[in-house]
file structure_7.txt (compact mmCIF, C-alpha atoms and all ligand atoms)
# COMPACT_ATOMS: atom_id res chain seq x y z
CA GLN A 1 34.55 -5.25 -3.06
CA PHE A 2 30.94 -4.88 -3.97
CA LEU A 3 29.85 -2.03 -6.11
CA THR A 4 26.10 -1.99 -6.02
CA PHE A 5 23.35 -3.40 -3.90
CA HIS A 6 19.92 -4.11 -5.24
CA ARG A 7 17.00 -5.50 -3.36
CA VAL A 8 15.32 -8.09 -5.53
CA PRO A 9 12.24 -10.20 -5.04
CA VAL A 10 12.42 -13.93 -4.46
CA PHE A 11 9.28 -15.67 -5.50
CA LEU A 12 7.46 -18.22 -3.53
CA GLN A 13 5.48 -20.33 -5.90
CA ASP A 14 2.93 -23.00 -5.58
CA PRO A 15 4.59 -25.67 -7.79
CA ALA A 16 1.25 -26.80 -9.10
CA LYS A 17 0.53 -23.39 -10.54
CA LYS A 18 3.87 -22.77 -12.19
CA PRO A 19 4.11 -22.77 -15.97
CA SER A 20 6.30 -25.67 -17.05
CA ARG A 21 9.17 -23.54 -18.32
CA VAL A 22 9.43 -22.04 -14.88
CA ARG A 23 8.93 -25.34 -13.13
CA ASN A 24 12.18 -26.56 -14.60
CA SER A 25 14.10 -23.49 -13.68
CA LEU A 26 16.31 -22.78 -10.72
CA LYS A 27 14.59 -25.42 -8.78
CA LEU A 28 15.66 -25.39 -5.18
CA ASN A 29 13.84 -28.49 -4.27
CA THR A 30 13.73 -27.79 -0.66
CA ALA A 31 11.96 -24.81 0.74
CA LYS A 32 14.71 -24.34 3.25
CA LEU A 33 17.21 -21.80 2.05
CA GLN A 34 20.09 -21.28 4.39
CA GLY A 35 22.28 -18.22 4.44
CA ASP A 36 23.68 -17.05 1.14
CA LEU A 37 22.98 -18.64 -2.18
CA SER A 38 25.33 -17.39 -4.82
CA PHE A 39 24.39 -17.20 -8.45
CA SER A 40 26.31 -15.83 -11.38
CA LEU A 41 23.84 -14.08 -13.55
CA GLU A 42 24.49 -13.02 -17.10
CA THR A 43 22.11 -10.17 -16.66
CA PHE A 44 19.77 -9.56 -13.87
CA TYR A 45 18.28 -6.22 -13.35
CA ASP A 46 17.81 -4.18 -16.48
CA ASN A 47 15.87 -1.52 -14.78
CA LYS A 48 18.07 0.06 -12.16
CA SER A 49 15.25 2.13 -10.78
CA HIS A 50 14.03 -0.93 -8.94
CA ASP A 51 16.77 -1.04 -6.44
CA GLN A 52 14.24 -0.35 -3.76
CA GLU A 53 12.53 -3.14 -1.93
CA THR A 54 9.72 -4.44 -4.02
CA GLU A 55 6.66 -6.06 -2.66
CA ILE A 56 6.37 -8.83 -5.12
CA GLY A 57 7.08 -12.39 -4.27
CA SER A 58 7.53 -13.81 -0.88
CA SER A 59 10.83 -12.55 0.28
CA ILE A 60 13.42 -9.94 -0.43
CA ALA A 61 16.91 -10.86 -1.55
CA THR A 62 19.93 -8.64 -1.97
CA LEU A 63 21.77 -8.50 -5.26
CA GLN A 64 25.38 -7.40 -5.05
CA THR A 65 27.57 -6.68 -8.05
CA ARG A 66 31.30 -7.17 -7.65
CA LYS A 67 33.54 -4.30 -8.71
CA ASP A 68 36.41 -6.38 -10.02
CA THR A 69 34.71 -9.28 -11.79
CA GLY A 70 31.31 -7.82 -12.51
CA ASN A 71 29.82 -10.98 -10.99
CA HIS A 72 26.56 -10.85 -9.15
CA LYS A 73 25.75 -12.42 -5.86
CA ILE A 74 22.28 -12.92 -4.46
CA SER A 75 21.72 -13.30 -0.75
CA VAL A 76 18.48 -14.97 0.11
CA PRO A 77 17.27 -14.74 3.67
CA SER A 78 16.98 -18.00 5.48
CA THR A 79 13.40 -19.11 5.37
CA GLU A 80 11.39 -22.22 5.71
CA ILE A 81 7.96 -22.62 4.22
CA PRO A 82 6.88 -26.21 3.87
CA GLY A 83 5.53 -27.51 0.62
CA SER A 84 6.91 -24.72 -1.54
CA ILE A 85 9.83 -24.14 -3.82
CA TYR A 86 11.65 -20.98 -4.59
CA SER A 87 12.59 -19.65 -7.93
CA LEU A 88 14.39 -16.52 -8.90
CA ARG A 89 12.92 -14.70 -11.81
CA LYS A 90 14.22 -11.91 -13.93
CA GLN A 91 12.24 -8.74 -14.40
CA ALA A 92 12.64 -8.48 -18.14
CA SER A 93 11.35 -10.76 -20.82
CA SER A 94 14.21 -13.24 -21.14
CA SER A 95 17.46 -14.11 -19.45
CA SER A 96 19.47 -17.02 -18.28
CA TYR A 97 20.69 -17.87 -14.85
CA GLN A 98 23.32 -20.30 -13.77
CA SER A 99 24.19 -21.22 -10.27
CA ASN A 100 27.79 -21.26 -9.06
CA SER A 101 27.83 -25.01 -9.09
CA GLY A 102 26.52 -24.99 -12.64
CA GLN A 103 23.82 -27.45 -11.72
CA GLN A 104 20.81 -25.23 -12.09
CA LYS A 105 20.11 -23.43 -15.30
CA ALA A 106 17.08 -21.62 -16.46
CA SER A 107 15.81 -19.59 -19.32
CA LEU A 108 12.82 -17.57 -18.37
CA SER A 109 10.48 -15.72 -20.57
CA LEU A 110 8.14 -13.89 -18.28
CA ASP A 111 6.81 -10.54 -19.22
CA ARG A 112 7.20 -8.91 -15.85
CA ARG A 113 7.91 -5.23 -15.98
CA PRO A 114 6.82 -1.98 -14.43
CA ARG A 115 3.38 -1.02 -15.61
CA LEU A 116 1.38 2.12 -15.10
CA PRO A 117 -1.38 1.99 -12.49
CA LYS A 118 -4.93 1.19 -13.44
CA ALA A 119 -6.21 2.20 -10.02
CA LEU A 120 -5.29 4.90 -7.54
CA ILE A 121 -6.01 5.48 -3.87
CA ILE A 122 -6.35 9.26 -4.01
CA GLY A 123 -7.35 10.20 -0.47
CA PHE A 124 -7.77 11.11 2.28
CA SER A 125 -4.64 11.35 4.41
CA LYS A 126 -4.93 9.89 7.94
CA CYS A 127 -7.92 7.81 6.83
CA GLY A 128 -6.24 4.40 6.69
CA THR A 129 -4.82 4.74 3.18
CA ALA A 130 -1.69 2.76 4.09
CA ALA A 131 -3.67 -0.06 5.70
CA LEU A 132 -5.96 -0.19 2.68
CA ARG A 133 -3.06 -0.24 0.22
CA THR A 134 -1.21 -2.89 2.20
CA PHE A 135 -4.27 -5.07 2.63
CA LEU A 136 -5.09 -4.81 -1.08
CA THR A 137 -1.55 -5.84 -2.00
CA ILE A 138 -2.07 -9.20 -0.37
CA HIS A 139 -4.07 -10.14 -3.42
CA PRO A 140 -1.85 -12.15 -5.78
CA ASP A 141 -3.03 -10.03 -8.71
CA VAL A 142 -2.21 -6.69 -7.12
CA VAL A 143 1.11 -4.87 -6.97
CA SER A 144 1.77 -1.44 -5.56
CA PRO A 145 4.79 0.78 -4.95
CA VAL A 146 5.64 1.21 -1.29
CA LEU A 147 6.10 4.95 -1.50
CA GLU A 148 3.57 7.65 -2.19
CA LEU A 149 4.84 8.73 -5.58
CA ARG A 150 3.05 12.11 -5.73
CA TYR A 151 3.45 12.08 -9.47
CA PHE A 152 0.29 14.01 -10.29
CA THR A 153 0.99 16.63 -7.62
CA LEU A 154 4.74 17.07 -7.21
CA TYR A 155 6.62 15.15 -9.87
CA TYR A 156 4.49 15.57 -12.96
CA ALA A 157 7.33 17.31 -14.79
CA LYS A 158 9.41 14.13 -14.54
CA GLY A 159 7.15 12.56 -17.13
CA ILE A 160 5.24 9.36 -17.56
CA GLU A 161 8.28 7.13 -18.05
CA TRP A 162 9.61 8.21 -14.69
CA TYR A 163 6.24 7.34 -13.16
CA ARG A 164 6.21 3.94 -14.86
CA LYS A 165 9.71 3.14 -13.63
CA GLN A 166 8.68 3.65 -10.01
CA MET A 167 6.20 0.79 -10.26
CA PRO A 168 7.12 -2.70 -9.12
CA PRO A 169 7.27 -5.19 -11.98
CA SER A 170 4.08 -7.03 -12.75
CA THR A 171 2.60 -9.31 -15.34
CA LYS A 172 -0.10 -8.19 -17.76
CA GLU A 173 -2.69 -9.91 -15.63
CA GLN A 174 -1.76 -8.03 -12.46
CA LEU A 175 -3.15 -4.70 -11.42
CA THR A 176 -0.88 -1.89 -10.30
CA ILE A 177 -2.31 0.42 -7.66
CA GLU A 178 -0.64 3.60 -6.51
CA LYS A 179 -1.63 5.55 -3.41
CA THR A 180 -1.02 9.21 -2.84
CA PRO A 181 -3.64 10.80 -0.57
CA ALA A 182 -2.64 14.28 -1.68
CA TYR A 183 -4.12 13.71 -5.16
CA ILE A 184 -7.66 14.41 -4.03
CA MET A 185 -6.71 17.74 -2.50
CA SER A 186 -5.67 19.24 -5.82
CA GLN A 187 -8.03 19.78 -8.73
CA GLU A 188 -5.08 20.13 -11.02
CA SER A 189 -3.85 16.70 -10.06
CA LEU A 190 -7.33 15.25 -10.70
CA ARG A 191 -7.35 16.81 -14.16
CA ARG A 192 -3.93 15.33 -14.82
CA ILE A 193 -5.17 11.93 -13.71
CA ARG A 194 -8.06 12.17 -16.15
CA GLY A 195 -5.62 13.15 -18.91
CA PHE A 196 -3.44 10.20 -17.96
CA ASP A 197 -6.26 7.65 -18.06
CA PRO A 198 -9.93 8.65 -18.15
CA LYS A 199 -10.87 5.02 -17.36
CA ILE A 200 -8.75 4.75 -14.24
CA LYS A 201 -10.41 3.47 -11.06
CA LEU A 202 -10.24 5.72 -8.04
CA ILE A 203 -10.56 4.74 -4.41
CA VAL A 204 -11.28 7.30 -1.74
CA ILE A 205 -11.31 6.39 1.93
CA VAL A 206 -12.84 8.75 4.49
CA ARG A 207 -13.00 8.54 8.28
CA ASP A 208 -14.93 9.92 11.22
CA PRO A 209 -13.76 13.53 10.75
CA ILE A 210 -13.12 14.10 14.45
CA VAL A 211 -10.98 11.00 14.77
CA ARG A 212 -9.18 12.12 11.66
CA LEU A 213 -8.38 15.45 13.30
CA GLN A 214 -7.00 13.61 16.31
CA SER A 215 -4.95 11.39 14.03
CA GLN A 216 -3.49 14.40 12.26
CA TYR A 217 -2.59 15.99 15.58
CA ALA A 218 -0.88 12.78 16.71
CA HIS A 219 0.98 12.66 13.40
CA GLU A 220 2.18 16.27 13.51
CA PHE A 221 3.39 16.02 17.10
CA SER A 222 4.74 12.49 17.01
CA HIS A 223 8.27 13.80 17.57
CA THR A 224 7.36 16.51 20.07
CA THR A 225 7.58 15.93 23.82
CA ALA A 226 4.12 16.02 25.39
CA SER A 227 4.86 19.16 27.46
CA PHE A 228 5.76 21.10 24.30
CA ARG A 229 2.59 20.24 22.42
CA PRO A 230 -0.20 22.79 22.13
CA SER A 231 -3.61 21.64 23.27
CA PHE A 232 -5.78 20.11 20.59
CA LYS A 233 -8.06 23.15 20.59
CA GLN A 234 -5.22 25.62 20.44
CA TRP A 235 -3.64 23.74 17.57
CA TRP A 236 -6.77 23.82 15.42
CA ASN A 237 -7.58 27.41 16.20
CA GLU A 238 -4.13 28.43 15.05
CA LYS A 239 -4.47 26.83 11.61
CA PRO A 240 -4.57 29.11 8.58
CA ASP A 241 -7.90 29.29 6.75
CA ASP A 242 -7.07 26.77 4.07
CA ARG A 243 -6.28 24.22 6.78
CA SER A 244 -9.13 25.13 9.09
CA ILE A 245 -11.32 22.42 10.56
CA ILE A 246 -14.07 23.29 8.13
CA ASN A 247 -11.79 22.69 5.18
CA VAL A 248 -10.07 19.61 6.50
CA CYS A 249 -13.31 17.87 7.47
CA HIS A 250 -15.22 18.84 4.38
CA TYR A 251 -14.84 15.63 2.40
CA ALA A 252 -17.65 16.56 -0.01
CA ARG A 253 -15.77 19.62 -1.15
CA TYR A 254 -12.95 17.42 -2.46
CA ILE A 255 -15.06 14.51 -3.71
CA ARG A 256 -17.35 16.68 -5.84
CA PRO A 257 -14.60 17.55 -8.36
CA VAL A 258 -13.79 13.83 -8.63
CA TYR A 259 -17.40 13.16 -9.66
CA ASP A 260 -17.22 16.09 -12.07
CA LEU A 261 -14.26 14.55 -13.84
CA PHE A 262 -14.93 10.81 -13.64
CA PRO A 263 -18.03 8.63 -13.98
CA ARG A 264 -19.29 7.53 -10.57
CA ARG A 265 -18.87 3.86 -11.44
CA GLN A 266 -15.11 4.51 -11.49
CA VAL A 267 -15.06 5.91 -7.97
CA LEU A 268 -15.31 3.85 -4.80
CA ILE A 269 -15.81 5.60 -1.47
CA LEU A 270 -14.89 3.58 1.62
CA SER A 271 -14.78 4.35 5.32
CA GLU A 272 -11.77 3.70 7.55
CA ASP A 273 -14.12 3.00 10.43
CA ASP A 274 -15.67 0.08 8.51
CA MET A 275 -12.21 -1.17 7.64
CA GLU A 276 -11.20 -1.10 11.31
CA ARG A 277 -14.30 -3.04 12.31
CA ASN A 278 -14.36 -5.50 9.46
CA PRO A 279 -11.45 -5.27 7.04
CA LEU A 280 -12.58 -8.27 5.03
CA SER A 281 -15.91 -6.75 4.03
CA VAL A 282 -14.19 -3.56 2.88
CA LEU A 283 -11.62 -5.53 0.93
CA LYS A 284 -14.32 -7.62 -0.71
CA GLU A 285 -16.03 -4.43 -1.80
CA ALA A 286 -12.75 -3.17 -3.26
CA GLU A 287 -12.11 -6.54 -4.88
CA ARG A 288 -15.43 -6.38 -6.73
CA PHE A 289 -14.86 -2.76 -7.69
CA LEU A 290 -11.40 -3.54 -9.05
CA GLU A 291 -12.74 -6.62 -10.86
CA LEU A 292 -10.20 -8.90 -9.21
CA ARG A 293 -10.78 -12.61 -8.90
CA PRO A 294 -11.93 -13.45 -5.37
CA ALA A 295 -8.88 -14.03 -3.19
CA TYR A 296 -9.45 -12.21 0.08
CA SER A 297 -10.64 -14.62 2.71
CA ASP A 298 -11.81 -14.55 6.31
CA ASP A 299 -8.61 -16.12 7.60
CA MET A 300 -6.51 -13.16 6.48
CA PHE A 301 -6.75 -11.07 9.64
CA VAL A 302 -6.64 -11.42 13.38
CA PHE A 303 -7.43 -8.65 15.81
CA ASN A 304 -4.29 -7.71 17.72
CA LYS A 305 -5.30 -6.39 21.15
CA GLU A 306 -1.99 -4.71 21.80
CA LYS A 307 -2.03 -2.83 18.51
CA GLY A 308 -5.76 -2.25 18.68
CA PHE A 309 -6.15 -3.09 15.00
CA HIS A 310 -6.55 -6.03 12.71
CA CYS A 311 -3.21 -7.42 11.66
CA PHE A 312 -2.26 -10.17 9.25
CA ASN A 313 -2.85 -13.72 10.32
CA THR A 314 0.32 -15.81 10.06
CA ARG A 315 -1.80 -18.90 9.38
CA SER A 316 -3.50 -17.43 6.34
CA LYS A 317 -2.73 -19.04 3.01
CA LEU A 318 -1.86 -15.59 1.65
CA PHE A 319 0.57 -15.02 4.49
CA PRO A 320 3.75 -15.60 2.42
CA ARG A 321 2.90 -12.42 0.54
CA VAL A 322 2.76 -10.53 3.82
CA LEU A 323 6.45 -11.24 4.34
CA THR A 324 7.21 -9.09 1.33
CA LEU A 325 5.28 -6.05 2.48
CA VAL A 326 7.84 -3.67 3.86
CA GLN A 327 5.30 -1.72 5.86
CA VAL A 328 4.38 -4.75 7.90
CA ASN A 329 6.28 -5.60 11.06
CA ARG A 330 7.80 -9.07 10.59
CA PHE A 331 7.02 -10.14 14.16
CA THR A 332 3.58 -8.75 14.85
CA CYS A 333 2.38 -8.74 11.23
CA CYS A 334 0.78 -5.38 12.02
CA LEU A 335 1.45 -2.07 10.33
CA GLY A 336 4.39 -0.11 11.76
CA VAL A 337 4.49 2.18 14.80
CA ASP A 338 3.56 5.23 12.73
CA LYS A 339 0.08 3.74 12.37
CA GLY A 340 -2.15 3.48 15.39
CA ARG A 341 -0.74 6.34 17.46
CA GLU A 342 -2.29 7.51 20.70
CA HIS A 343 -4.87 10.22 20.07
CA PRO A 344 -5.20 13.44 22.08
CA GLN A 345 -8.10 14.09 24.43
CA ILE A 346 -10.69 16.65 23.38
CA GLY A 347 -12.51 18.53 26.12
CA GLU A 348 -16.30 17.95 26.27
CA ASP A 349 -17.20 21.52 25.30
CA TYR A 350 -14.87 21.64 22.37
CA LEU A 351 -16.05 18.23 21.22
CA GLU A 352 -19.66 19.46 21.28
CA HIS A 353 -18.61 22.45 19.24
CA LEU A 354 -16.81 20.27 16.68
CA ILE A 355 -19.77 17.92 16.33
CA HIS A 356 -22.03 20.92 15.78
CA VAL A 357 -19.76 22.38 13.11
CA ILE A 358 -18.93 19.16 11.32
CA ARG A 359 -22.30 17.39 11.27
CA PRO A 360 -23.67 19.39 8.31
CA LEU A 361 -20.48 18.61 6.39
CA ASN A 362 -21.07 14.90 6.95
CA GLU A 363 -24.66 15.20 5.75
CA GLU A 364 -23.43 16.94 2.62
CA LEU A 365 -21.03 14.04 2.05
CA PHE A 366 -23.68 11.36 2.54
CA ASP A 367 -26.04 13.15 0.14
CA LEU A 368 -23.31 13.46 -2.43
CA ILE A 369 -22.11 9.86 -2.35
CA GLY A 370 -25.51 8.27 -1.71
CA LYS A 371 -24.43 6.25 1.31
CA ARG A 372 -24.06 6.85 5.05
CA PHE A 373 -21.26 5.81 7.35
CA GLN A 374 -21.63 5.05 11.05
CA TRP A 375 -19.17 7.32 12.80
CA LYS A 376 -18.54 7.01 16.51
CA SER A 377 -18.34 10.75 17.28
CA PHE A 378 -21.71 11.35 15.64
CA LYS A 379 -23.52 8.32 17.01
CA ASP A 380 -27.01 8.72 18.51
CA LYS A 381 -27.20 12.28 17.36
CA SER A 382 -28.22 12.01 13.73
N1 LIG B 401 -5.16 -2.27 10.45
C1 LIG B 401 -4.66 -1.07 10.73
N2 LIG B 401 -3.44 -0.96 11.30
C2 LIG B 401 -2.93 0.26 11.59
N3 LIG B 401 -3.55 1.42 11.34
C3 LIG B 401 -4.76 1.36 10.78
C4 LIG B 401 -5.37 0.13 10.45
N4 LIG B 401 -6.59 0.39 9.92
C5 LIG B 401 -6.73 1.70 9.94
N5 LIG B 401 -5.65 2.31 10.45
C6 LIG B 401 -5.53 3.74 10.64
O1 LIG B 401 -4.75 4.32 9.60
C7 LIG B 401 -4.40 5.61 10.10
C8 LIG B 401 -3.32 6.23 9.24
O2 LIG B 401 -3.91 6.62 8.04
P1 LIG B 401 -3.06 6.80 6.70
O3 LIG B 401 -2.33 5.55 6.45
O4 LIG B 401 -3.98 7.26 5.64
O5 LIG B 401 -2.05 7.93 7.11
S1 LIG B 401 -1.13 8.74 6.12
O6 LIG B 401 -1.94 9.83 5.57
O7 LIG B 401 -0.61 7.84 5.10
O8 LIG B 401 -0.06 9.28 7.01
C9 LIG B 401 -3.96 5.34 11.51
O9 LIG B 401 -4.19 6.51 12.24
P2 LIG B 401 -3.63 6.72 13.71
O10 LIG B 401 -4.37 5.74 14.59
O11 LIG B 401 -3.95 8.12 14.07
O12 LIG B 401 -2.15 6.47 13.66
C10 LIG B 401 -4.84 4.17 11.94
O13 LIG B 401 -5.84 4.55 12.85
call {"tool": "encode", "arguments": {"input": "structure_7.txt", "output": "structure tokens"}}
result
Amino acid sequence: QFLTFHRVPVFLQDPAKKPSRVRNSLKLNTAKLQGDLSFSLETFYDNKSHDQETEIGSSIATLQTRKDTGNHKISVPSTEIPGSIYSLRKQASSSSYQSNSGQQKASLSLDRRPRLPKALIIGFSKCGTAALRTFLTIHPDVVSPVLELRYFTLYYAKGIEWYRKQMPPSTKEQLTIEKTPAYIMSQESLRRIRGFDPKIKLIVIVRDPIVRLQSQYAHEFSHTTASFRPSFKQWWNEKPDDRSIINVCHYARYIRPVYDLFPRRQVLILSEDDMERNPLSVLKEAERFLELRPAYSDDMFVFNKEKGFHCFNTRSKLFPRVLTLVQVNRFTCCLGVDKGREHPQIGEDYLEHLIHVIRPLNEELFDLIGKRFQWKSFKDKS
């Protein structure tokens, strides 16, 4: 019966902060929404490219369009959040909604549409880019597409309108951030980014290079039975030159071209290790850099012993936004199983060798960026 399915955001609003024209709209006076709520919508989703889950709002609803009547039906997941009301908003600038019962009507005029990013997380892979992106998105003024769009590397030929359409809708006041760690690995992509917006803000996150190597190993062999995996040493020694340890751990080599193309004030370099220890302080640094109003707070995270990482705190006042983040497990409020994998052992001798080879690369990085990071593998030896 149903022709299309779209995932649409349902917004959780603090009634006190709602503009009056919204306050009078689609008011579901209780925060308890049970099962399916059906609405006939004259128009709903102009932009069909947004049929993916979006991260905006507090919950994800499903929009179904009936083949025979052309009617739409929205299914809202059952949820209870005291002291809040829900409203459904349209993505485009104006529309009208009417519920099946005809009791609730609304005309909305909210300029929410996909906007191009003003900030990018450009690297490095396996350095906590997903955690950083997800944590940043908790800010009410930040939106970000779930997927790595790889526009400046892979899909440049699709054009800027394609890129724009991949973005979740946002208001003028919100900041769109895209993350694709591959951007920093390609000078051509960096040049394209400069051509796209020379004022764009760039975030780079690095990590203890040895832990990063272990993380990459765990990633590459995540679907391989342990007995079929090469040893860590074997694996790295078999890499072609362009993916050799020296190249992969040489952050400075990839950051230098960023500084050549963009003023340093537009580039923020963070460390995954700091984010693991104290996510709030890293987020605060990013918040200042992105010129966001202060919203991150110390109740946002709790350390989850089982996961071994900080996860979202269900008691935080920003928690309703967490529910909309598709990369976050609904039960644990941690990132998914593809983050935080078990790392391979490295034999003592080989570890010594790696430290010896990589230490000068770290020093080159610290000289270049003008700050030092405390990395576990290199502790007590610098
Ligand atoms: N809070 C929190 N939760 C889960 N994971 C966290 C967190 N903070 C940092 N990390 C580390 O992020 C590592 C994955 O990095 P990326 O997201 O950049 O990987 S990817 O390039 O996108 O595949 C991932 O690497 P692995 O531990 O090897 O899986 C994590 O160590």
call {"tool": "residues_around", "arguments": {"input": "structure_7.txt", "residues": "stretch 310-320 of chain A", "least_positions_apart": "2", "cutoff": "7 Å", "atoms": "only C-alpha atoms", "output": "list in words"}}
result
Ser58, Ile138, Glu276, Asp299, Met300, Phe301, Val302, Phe303, Asn304, Val322, Leu323, Cys333 and Cys334 of chain A
call {"tool": "axis_aligned_box", "arguments": {"input": "structure_7.txt", "around": "ligand LIG 401 (chain B)", "padding_each_side": "6 Å", "output": "lines of an AutoDock Vina configuration file"}}
result
center_x = -3.4
center_y = 3.8
center_z = 9.8
size_x = 18.7
size_y = 24.1
size_z = 21.5
call {"tool": "closest_residue", "arguments": {"input": "structure_7.txt", "among": "A:Lys233, A:His219, A:Arg277, A:Lys126", "to": "ligand LIG 401 (chain B)", "atoms": "all atoms listed in the file"}}
result
A:Lys126
call {"tool": "atom_distance", "arguments": {"input": "structure_7.txt", "atom1": "atom CA of A:Thr153", "atom2": "atom CA of A:Met185"}}
result
9.3 Å
call {"tool": "atom_distance", "arguments": {"input": "structure_7.txt", "atom1": "atom O4 of ligand LIG 401 (chain B)", "atom2": "atom CA of A:Phe124"}}
result
6.4 Å
call {"tool": "residues_around", "arguments": {"input": "structure_7.txt", "residues": "A:Lys371", "least_positions_apart": "4", "cutoff": "12 Å", "atoms": "all atoms listed in the file", "output": "ChimeraX atom specification"}}
result
/A:268-271,362-367
call {"tool": "residues_around", "arguments": {"input": "structure_7.txt", "residues": "stretch 342-351 of chain A", "least_positions_apart": "5", "cutoff": "8 Å", "atoms": "only C-alpha atoms", "output": "list in words"}}
result
Gln214, Ser215, Tyr217, Ala218, Phe232 and Lys233 of chain A
call {"tool": "residues_near_ligand", "arguments": {"input": "structure_7.txt", "ligand": "ligand LIG 401 (chain B)", "cutoff": "6 Å", "atoms": "all atoms listed in the file", "output": "PyMOL selection string"}}
result
chain A and resi 125-131+215+272+276+309-311+335+338-341
call {"tool": "atom_distance", "arguments": {"input": "structure_7.txt", "atom1": "atom CA of A:Asp208", "atom2": "atom CA of A:Pro294"}}
result
28.8 Å
call {"tool": "residues_around", "arguments": {"input": "structure_7.txt", "residues": "A:Ile160", "least_positions_apart": "6", "cutoff": "10 Å", "atoms": "only C-alpha atoms", "output": "JSON, numbers by chain"}}
result
{"A": [116, 151, 152, 196]}
call {"tool": "closest_residue", "arguments": {"input": "structure_7.txt", "among": "A:Arg212, A:Leu202, A:Trp236, A:Tyr155", "to": "A:Arg265", "atoms": "all atoms listed in the file"}}
result
A:Leu202
call {"tool": "residues_around", "arguments": {"input": "structure_7.txt", "residues": "A:Arg264", "least_positions_apart": "4", "cutoff": "12 Å", "atoms": "all atoms listed in the file", "output": "count of residues only"}}
result
18
call {"tool": "residues_near_point", "arguments": {"input": "structure_7.txt", "point": "(-2.2, -7.9, -14.2)", "cutoff": "9 Å", "atoms": "all atoms listed in the file", "output": "PyMOL selection string"}}
result
chain A and resi 115+141-143+170-176
call {"tool": "closest_residue", "arguments": {"input": "structure_7.txt", "among": "A:Ile205, A:Asp111, A:Ile193, A:Pro117", "to": "A:Ala286", "atoms": "all atoms listed in the file"}}
result
A:Ile205
call {"tool": "build_atoms", "arguments": {"input": "structure_7.txt", "residues": "stretch 218-229 of chain A", "atoms": "N, CA and C atoms", "output": "PDB file, in the coordinates of the input"}}
result
ATOM      1  N   ALA A 218      -1.854  13.777  16.233  1.00  0.00           N
ATOM      2  CA  ALA A 218      -0.880  12.780  16.710  1.00  0.00           C
ATOM      3  C   ALA A 218       0.281  12.653  15.720  1.00  0.00           C
ATOM      4  N   HIS A 219      -0.044  12.760  14.450  1.00  0.00           N
ATOM      5  CA  HIS A 219       0.980  12.660  13.400  1.00  0.00           C
ATOM      6  C   HIS A 219       1.932  13.861  13.469  1.00  0.00           C
ATOM      7  N   GLU A 220       1.341  15.058  13.540  1.00  0.00           N
ATOM      8  CA  GLU A 220       2.180  16.270  13.510  1.00  0.00           C
ATOM      9  C   GLU A 220       3.074  16.388  14.730  1.00  0.00           C
ATOM     10  N   PHE A 221       2.594  15.864  15.869  1.00  0.00           N
ATOM     11  CA  PHE A 221       3.390  16.020  17.100  1.00  0.00           C
ATOM     12  C   PHE A 221       4.042  14.721  17.551  1.00  0.00           C
ATOM     13  N   SER A 222       4.195  13.804  16.611  1.00  0.00           N
ATOM     14  CA  SER A 222       4.740  12.490  17.010  1.00  0.00           C
ATOM     15  C   SER A 222       6.174  12.611  17.518  1.00  0.00           C
ATOM     16  N   HIS A 223       6.877  13.660  17.113  1.00  0.00           N
ATOM     17  CA  HIS A 223       8.270  13.800  17.570  1.00  0.00           C
ATOM     18  C   HIS A 223       8.420  14.931  18.588  1.00  0.00           C
ATOM     19  N   THR A 224       7.298  15.409  19.111  1.00  0.00           N
ATOM     20  CA  THR A 224       7.360  16.510  20.070  1.00  0.00           C
ATOM     21  C   THR A 224       7.022  15.988  21.463  1.00  0.00           C
ATOM     22  N   THR A 225       7.837  16.336  22.435  1.00  0.00           N
ATOM     23  CA  THR A 225       7.580  15.930  23.820  1.00  0.00           C
ATOM     24  C   THR A 225       6.215  16.475  24.246  1.00  0.00           C
ATOM     25  N   ALA A 226       5.492  15.676  25.022  1.00  0.00           N
ATOM     26  CA  ALA A 226       4.120  16.020  25.390  1.00  0.00           C
ATOM     27  C   ALA A 226       4.012  17.447  25.954  1.00  0.00           C
ATOM     28  N   SER A 227       4.973  17.842  26.809  1.00  0.00           N
ATOM     29  CA  SER A 227       4.860  19.160  27.460  1.00  0.00           C
ATOM     30  C   SER A 227       5.035  20.317  26.462  1.00  0.00           C
ATOM     31  N   PHE A 228       5.569  20.033  25.294  1.00  0.00           N
ATOM     32  CA  PHE A 228       5.760  21.100  24.300  1.00  0.00           C
ATOM     33  C   PHE A 228       4.631  21.168  23.274  1.00  0.00           C
ATOM     34  N   ARG A 229       3.677  20.247  23.417  1.00  0.00           N
ATOM     35  CA  ARG A 229       2.590  20.240  22.420  1.00  0.00           C
ATOM     36  C   ARG A 229       1.518  21.249  22.795  1.00  0.00           C
TER      37      ARG A 229
END
